[in-house]
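Please read the structure below before turning to the comments.
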Amino acid sequence: MTAGQGEGRTLPGTAAWHALVAGSPWLVPLLCGLLSMLAGQDLNWDLQNYHLYNPYAWLTGRLGIDQAPGQWQSYFNPAIDVPYYLAFTYLPGWLCSFLMGALHGLNFPLLLVLVRRLLPDGGGAHLPFWLAAAGCAGPGFLSGLGNTMGDNLTALFVLGALLLVLGAPLRAPSRASLSAPFFAPATSQVLLAGLVMGAGTGLKPTNAVYALALCVALLVLDGPPARRLRAAFLFGVAVLAGIALSAGHWYWTMWREFGNPLFPQFNDVFGSALAPPIGVGDTGWRPRTLMGKLAWPFLFTLDPRRVCELPLRHLAWPVLYTAGIALLVALAAGRRRLAAIPREARLLMVFGAVAYLLWMNLFSIYRYLAPLELLAPVLCWLVLAALLPGRRVLAAWCVGLCACSFVTVGNWGHAIGVKPLSVEVPALPAPARSIVYIVEAPAGWLVPFFPPEVAFVSLGAGFPESPGWLRRAAAIRASRPGPAYVMLPALRGEPDLQRAAATLQRYGLALAGDCRPYRVSAGRAVLSYRFCGVQPR
């Protein structure tokens, strides 16, 4: 065969591969939907605690009827859970799972466009696809695929804000002192990015670390200092506006009802009488010592349960951390020039570093790293490319690390099968006069299946109680002359009746009569709960 005869020929399957890559922005979300559907209906612990109860309570006006059936999380902004609740209520369980997975899968096209913007000349035809696919193959993203925890869902807002900022074209210099074009997003892009980021933060406040990180990253833009400060300031104002749009209604409701817009959190600041003066937050995951902080990526990679209930191990973190420190050393020693790093890459590196430091010091809960986990492969690529030559080798390493992490994916809880969630409910003779106590979590998800006239009150089940809070519970109790009951979830084995009796005793109550079991089923999963009578001691 001569050279002329071989011209225009392609390897077998090349055309199909190009078509697959070209269609991936639509195909990957569909694949995520299918994976979520095959995993089954969401049954994670947080769903059973408050993700199903909160939107139900908001849409049916139960704020003045119940008292924290889902512990202190009962007072989180319910807007984030409304789409799932509506899908759960009106659609088959398999379709609800598919839609949630497909929605989470939209992170892939956002990430793909973002990677193309970050790589020189778009990165070619295939490299952006592999880096975006590797991001969506992280153990945290896959473990949360299709569930209601909100981390994958609100990652859409973080990636969207980044894309709005990084999608800005190079601007021509407006002053003689600037000899080269500089990267600076237009005012409209900064404002829109802030609104998007703020909306995600209002839905899930842990995203505040990403809002602050991007605000700091805007300060490393090229151009005059005044322009950079202006961009960061406008972004911050827009973030506040976005928070007001997605959560302002709820903060106002909390302020009107409890005297604290973030009730019961940060009550040491707002001083509501219905909670003690504590901040309320899950701070038990954070590293305690300076050495622990310095070695944190290695420590939680070796022992993932330092940052998560599941063994989610991602090997990209120690590589990215080591390479980032090596790059800083090389820049400080003059062996690498900052100007040689593309402007967009610098911004993303600063964003990632600041977000990680904030996450480590405020939370250190792995789920909250969802946006950074999606960005980890491209961040590895950018940092290593600034240190070493050989793009193909580096890309292979990044993708290989994420592929190794794939095997550590955990499961937060699913019910395989198409049978919808059903709850057997006891016959109550007088629902409008009845009160049901909850002394053990999670039980909030059962509330929507009971008659709406019944009041549910949590006692000693994880809420930070104050004298004012107990007076409010007593007022609900006084308005409900009876009968009274207690509901005890039995997720694994039988509930501890002796512990429940001891809890009720602290509030002047005692178990009365038999504790009957009732069935809860979803798909092939069968759970139960106990429903007992309660009387004054």
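Following the order of the structure tokens, first chain is A, next is B, and so on, with residues numbered from 1 inside each chain and ligands from 1 in the order they appear.
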Please tabulate, as CSV, the residues of segment 473-512 of chain A that come within 12 Å of segment 66-90 of chain A, each with its closest pair of atoms and the distance in Å to one decimal, counting only C-alpha atoms and ordering rows by chain, then residue number upward.
```
residue,atom,partner,partner_atom,distance
A:Ala473,CA,A:Gln67,CA,7.2
A:Ala474,CA,A:Gln67,CA,10.8
A:Ala475,CA,A:Gln67,CA,11.0
A:Ile476,CA,A:Asp66,CA,8.3
A:Arg477,CA,A:Asp66,CA,10.7
A:Arg480,CA,A:Asp66,CA,11.9
A:Val486,CA,A:Pro69,CA,11.7
A:Met487,CA,A:Pro69,CA,10.5
A:Leu488,CA,A:Pro69,CA,11.9
```
Exercise: segment 141-156 of chain A partners within 9 Å, only C-alpha atoms, chain neighbours under 4 positions left out, as number ranges by chain: A: 32-33, 35-37, 39, 41-44, 46-47, 51-52, 80-81, 84, 96-107, 110, 135-137, 160-161, 199-201, 203-204, 207, 312, 367-374, 406, 409-414
Residues near Phe450 of chain A, cut-off 10 Å, only C-alpha atoms, skip fewer than 6 positions along chain, as a PyMOL selection string: chain A and resi 423-428+431
Would you save the residues of that selection, restricted to C-alpha atoms, as an mmCIF file, in the first residue's frame?
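Here's the written file part09.cif:
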```cif
data_model
loop_
_atom_site.group_PDB
_atom_site.id
_atom_site.type_symbol
_atom_site.label_atom_id
_atom_site.label_comp_id
_atom_site.auth_asym_id
_atom_site.auth_seq_id
_atom_site.Cartn_x
_atom_site.Cartn_y
_atom_site.Cartn_z
ATOM 1 C CA VAL A 423 -45.665 2.810 55.468
ATOM 2 C CA GLU A 424 -48.145 0.909 57.565
ATOM 3 C CA VAL A 425 -49.788 3.418 59.896
ATOM 4 C CA PRO A 426 -51.710 2.559 63.092
ATOM 5 C CA ALA A 427 -55.363 3.516 63.351
ATOM 6 C CA LEU A 428 -55.593 6.579 65.593
ATOM 7 C CA PRO A 431 -55.723 12.372 65.360
#
```
Within 12 Å of Thr253 of chain A, counting only C-alpha atoms, which residues show up once you throw out same-chain ones fewer than 4 positions away? Write them as a ChimeraX atom specification, please. /A:58,61,63-64,75-78,247-249,257-263
Quick one: write out the picked residues with all heavy atoms as a compact mmCIF listing (two decimals), in the first residue's frame?
```
# COMPACT_ATOMS: atom_id res chain seq x y z
N TRP A 58 -42.95 22.11 55.09
CA TRP A 58 -43.02 23.48 54.55
C TRP A 58 -44.25 23.63 53.66
O TRP A 58 -45.00 24.62 53.78
CB TRP A 58 -41.75 23.75 53.75
CG TRP A 58 -41.66 25.14 53.20
CD1 TRP A 58 -42.09 26.30 53.79
CD2 TRP A 58 -41.13 25.52 51.92
NE1 TRP A 58 -41.83 27.38 52.97
CE2 TRP A 58 -41.25 26.92 51.82
CE3 TRP A 58 -40.55 24.81 50.88
CZ2 TRP A 58 -40.81 27.62 50.69
CZ3 TRP A 58 -40.10 25.51 49.77
CH2 TRP A 58 -40.23 26.90 49.67
N GLY A 61 -47.46 23.51 55.88
CA GLY A 61 -47.59 24.45 56.98
C GLY A 61 -47.55 23.83 58.36
O GLY A 61 -48.37 24.15 59.23
N LEU A 63 -44.96 24.09 60.59
CA LEU A 63 -43.96 24.69 61.45
C LEU A 63 -44.49 24.94 62.86
O LEU A 63 -43.76 24.78 63.85
CB LEU A 63 -43.46 26.01 60.84
CG LEU A 63 -42.23 26.64 61.51
CD1 LEU A 63 -41.03 25.70 61.44
CD2 LEU A 63 -41.89 27.97 60.82
N GLY A 64 -45.74 25.30 62.98
CA GLY A 64 -46.33 25.55 64.29
C GLY A 64 -47.00 24.33 64.91
O GLY A 64 -47.55 24.42 66.01
N TYR A 75 -34.94 22.32 60.63
CA TYR A 75 -35.06 23.74 60.34
C TYR A 75 -34.08 24.21 59.27
O TYR A 75 -33.83 25.40 59.13
CB TYR A 75 -34.92 24.53 61.64
CG TYR A 75 -35.96 24.09 62.64
CD1 TYR A 75 -35.62 23.30 63.74
CD2 TYR A 75 -37.31 24.40 62.45
CE1 TYR A 75 -36.57 22.86 64.63
CE2 TYR A 75 -38.27 23.96 63.34
CZ TYR A 75 -37.90 23.20 64.43
OH TYR A 75 -38.87 22.75 65.29
N PHE A 76 -33.53 23.27 58.50
CA PHE A 76 -32.75 23.63 57.32
C PHE A 76 -33.70 24.15 56.23
O PHE A 76 -34.88 23.78 56.19
CB PHE A 76 -32.00 22.42 56.78
CG PHE A 76 -30.76 22.05 57.57
CD1 PHE A 76 -30.38 22.75 58.70
CD2 PHE A 76 -29.97 20.98 57.17
CE1 PHE A 76 -29.26 22.41 59.43
CE2 PHE A 76 -28.84 20.63 57.89
CZ PHE A 76 -28.48 21.35 59.02
N ASN A 77 -33.16 24.96 55.33
CA ASN A 77 -33.93 25.47 54.21
C ASN A 77 -34.50 24.28 53.41
O ASN A 77 -33.75 23.50 52.84
CB ASN A 77 -33.03 26.32 53.31
CG ASN A 77 -33.77 26.89 52.12
OD1 ASN A 77 -34.98 26.77 51.99
ND2 ASN A 77 -33.03 27.53 51.22
N PRO A 78 -35.82 24.14 53.34
CA PRO A 78 -36.41 22.97 52.67
C PRO A 78 -36.44 23.07 51.15
O PRO A 78 -36.77 22.09 50.48
CB PRO A 78 -37.82 22.93 53.23
CG PRO A 78 -38.15 24.37 53.50
CD PRO A 78 -36.86 25.01 53.95
N ALA A 247 -32.79 31.45 49.77
CA ALA A 247 -33.00 31.13 51.19
C ALA A 247 -33.59 32.28 51.99
O ALA A 247 -33.93 32.09 53.16
CB ALA A 247 -31.68 30.69 51.83
N GLY A 248 -33.71 33.46 51.39
CA GLY A 248 -34.20 34.61 52.14
C GLY A 248 -35.57 34.38 52.75
O GLY A 248 -35.83 34.79 53.91
N HIS A 249 -36.46 33.73 52.01
CA HIS A 249 -37.80 33.47 52.52
C HIS A 249 -37.75 32.62 53.78
O HIS A 249 -38.50 32.84 54.73
CB HIS A 249 -38.62 32.74 51.45
CG HIS A 249 -38.10 31.37 51.13
ND1 HIS A 249 -36.96 31.17 50.39
CD2 HIS A 249 -38.53 30.14 51.50
CE1 HIS A 249 -36.72 29.88 50.28
NE2 HIS A 249 -37.65 29.24 50.94
N GLU A 257 -40.31 33.23 63.53
CA GLU A 257 -40.81 32.17 64.40
C GLU A 257 -39.93 31.93 65.62
O GLU A 257 -40.43 31.68 66.72
CB GLU A 257 -40.92 30.86 63.59
CG GLU A 257 -41.60 29.73 64.31
CD GLU A 257 -43.11 29.89 64.38
OE1 GLU A 257 -43.66 30.71 63.61
OE2 GLU A 257 -43.73 29.21 65.20
N PHE A 258 -38.60 32.04 65.43
CA PHE A 258 -37.67 31.65 66.48
C PHE A 258 -36.70 32.75 66.92
O PHE A 258 -35.93 32.55 67.85
CB PHE A 258 -36.85 30.43 66.04
CG PHE A 258 -37.69 29.23 65.70
CD1 PHE A 258 -37.77 28.76 64.41
CD2 PHE A 258 -38.42 28.57 66.69
CE1 PHE A 258 -38.54 27.65 64.09
CE2 PHE A 258 -39.20 27.46 66.39
CZ PHE A 258 -39.26 27.00 65.08
N GLY A 259 -36.67 33.86 66.20
CA GLY A 259 -35.74 34.92 66.56
C GLY A 259 -34.31 34.64 66.14
O GLY A 259 -33.37 35.26 66.65
N ASN A 260 -34.12 33.73 65.20
CA ASN A 260 -32.79 33.36 64.70
C ASN A 260 -32.95 32.88 63.26
O ASN A 260 -33.57 31.83 63.03
CB ASN A 260 -32.19 32.25 65.58
CG ASN A 260 -30.84 31.78 65.07
OD1 ASN A 260 -30.39 32.13 64.00
ND2 ASN A 260 -30.17 30.95 65.87
N PRO A 261 -32.41 33.61 62.26
CA PRO A 261 -32.61 33.21 60.86
C PRO A 261 -31.97 31.88 60.52
O PRO A 261 -32.36 31.24 59.53
CB PRO A 261 -31.97 34.36 60.08
CG PRO A 261 -31.00 34.97 61.02
CD PRO A 261 -31.61 34.83 62.37
N LEU A 262 -30.99 31.44 61.31
CA LEU A 262 -30.29 30.19 61.06
C LEU A 262 -30.61 29.15 62.13
O LEU A 262 -29.86 28.21 62.34
CB LEU A 262 -28.78 30.43 61.00
CG LEU A 262 -28.32 31.42 59.92
CD1 LEU A 262 -26.84 31.73 60.08
CD2 LEU A 262 -28.60 30.87 58.53
N PHE A 263 -31.72 29.32 62.80
CA PHE A 263 -32.12 28.49 63.94
C PHE A 263 -31.95 27.01 63.63
O PHE A 263 -32.34 26.53 62.58
CB PHE A 263 -33.57 28.79 64.29
CG PHE A 263 -34.08 28.06 65.50
CD1 PHE A 263 -33.82 28.54 66.76
CD2 PHE A 263 -34.82 26.90 65.36
CE1 PHE A 263 -34.28 27.87 67.88
CE2 PHE A 263 -35.28 26.22 66.47
CZ PHE A 263 -35.01 26.71 67.73
```
What are the DSSP helix (DSSP H, G or I) residues of segment 220-431 of chain A, as a PyMOL selection string? chain A and resi 220+225-258+267-270+290-294+296-302+304-306+316-332+338-340+343-362+366-387+391-406+431
Please, which residues in segment 111-200 of chain A fall within 12 Å of segment 376-381 of chain A when counting only C-alpha atoms, and what is the closest atom pair and distance in Å to one decimal for each, ordered by chain then residue number, as CSV?
```
residue,atom,partner,partner_atom,distance
A:Leu111,CA,A:Val378,CA,9.4
A:Leu112,CA,A:Val378,CA,10.1
A:Val113,CA,A:Val378,CA,11.9
A:Leu114,CA,A:Val378,CA,9.4
A:Val115,CA,A:Val378,CA,6.8
A:Arg116,CA,A:Val378,CA,10.0
A:Arg117,CA,A:Val378,CA,11.1
A:Leu118,CA,A:Val378,CA,8.4
A:Leu119,CA,A:Val378,CA,8.8
A:Pro120,CA,A:Trp381,CA,11.8
A:Gly123,CA,A:Val378,CA,11.0
A:Leu127,CA,A:Val378,CA,9.9
A:Pro128,CA,A:Val378,CA,8.5
A:Phe129,CA,A:Val378,CA,10.7
A:Trp130,CA,A:Pro377,CA,9.1
A:Leu131,CA,A:Pro377,CA,5.8
A:Ala132,CA,A:Val378,CA,7.7
A:Ala133,CA,A:Pro377,CA,9.1
A:Ala134,CA,A:Pro377,CA,6.4
A:Gly135,CA,A:Pro377,CA,5.8
A:Cys136,CA,A:Pro377,CA,9.6
A:Ala137,CA,A:Pro377,CA,10.0
A:Gly138,CA,A:Ala376,CA,8.9
A:Pro139,CA,A:Ala376,CA,11.9
A:Gly140,CA,A:Ala376,CA,11.8
A:Phe141,CA,A:Ala376,CA,11.8
```
Strand (DSSP E or B) per DSSP on the backbone: members of segment 52-192 of chain A, as a list in words: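 Checking each residue of segment 52-192 of chain A, the strand (DSSP E or B) ones are Gln67, Leu170, Arg171, Phe182 and Phe183 of chain A.
Closest approach to Leu382 of chain A from the set A:Ala323, A:Leu20, A:Met360, A:Arg335 is made by A:Ala323, with distances taken over only C-alpha atoms.
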Could you tell me how far atom CA of Phe157 of chain A lies from atom CA of Leu195 of chain A, in Å and to one decimal?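 One can read the atom CA of Phe157 of chain A to atom CA of Leu195 of chain A distance as 9.4 Å.
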Skipping near chain neighbours, those fewer than 5 positions away, what residues fall within 12 Å of Arg288 of chain A using only C-alpha atoms, listed as a PyMOL selection string? chain A and resi 283+293-296+306+360-364
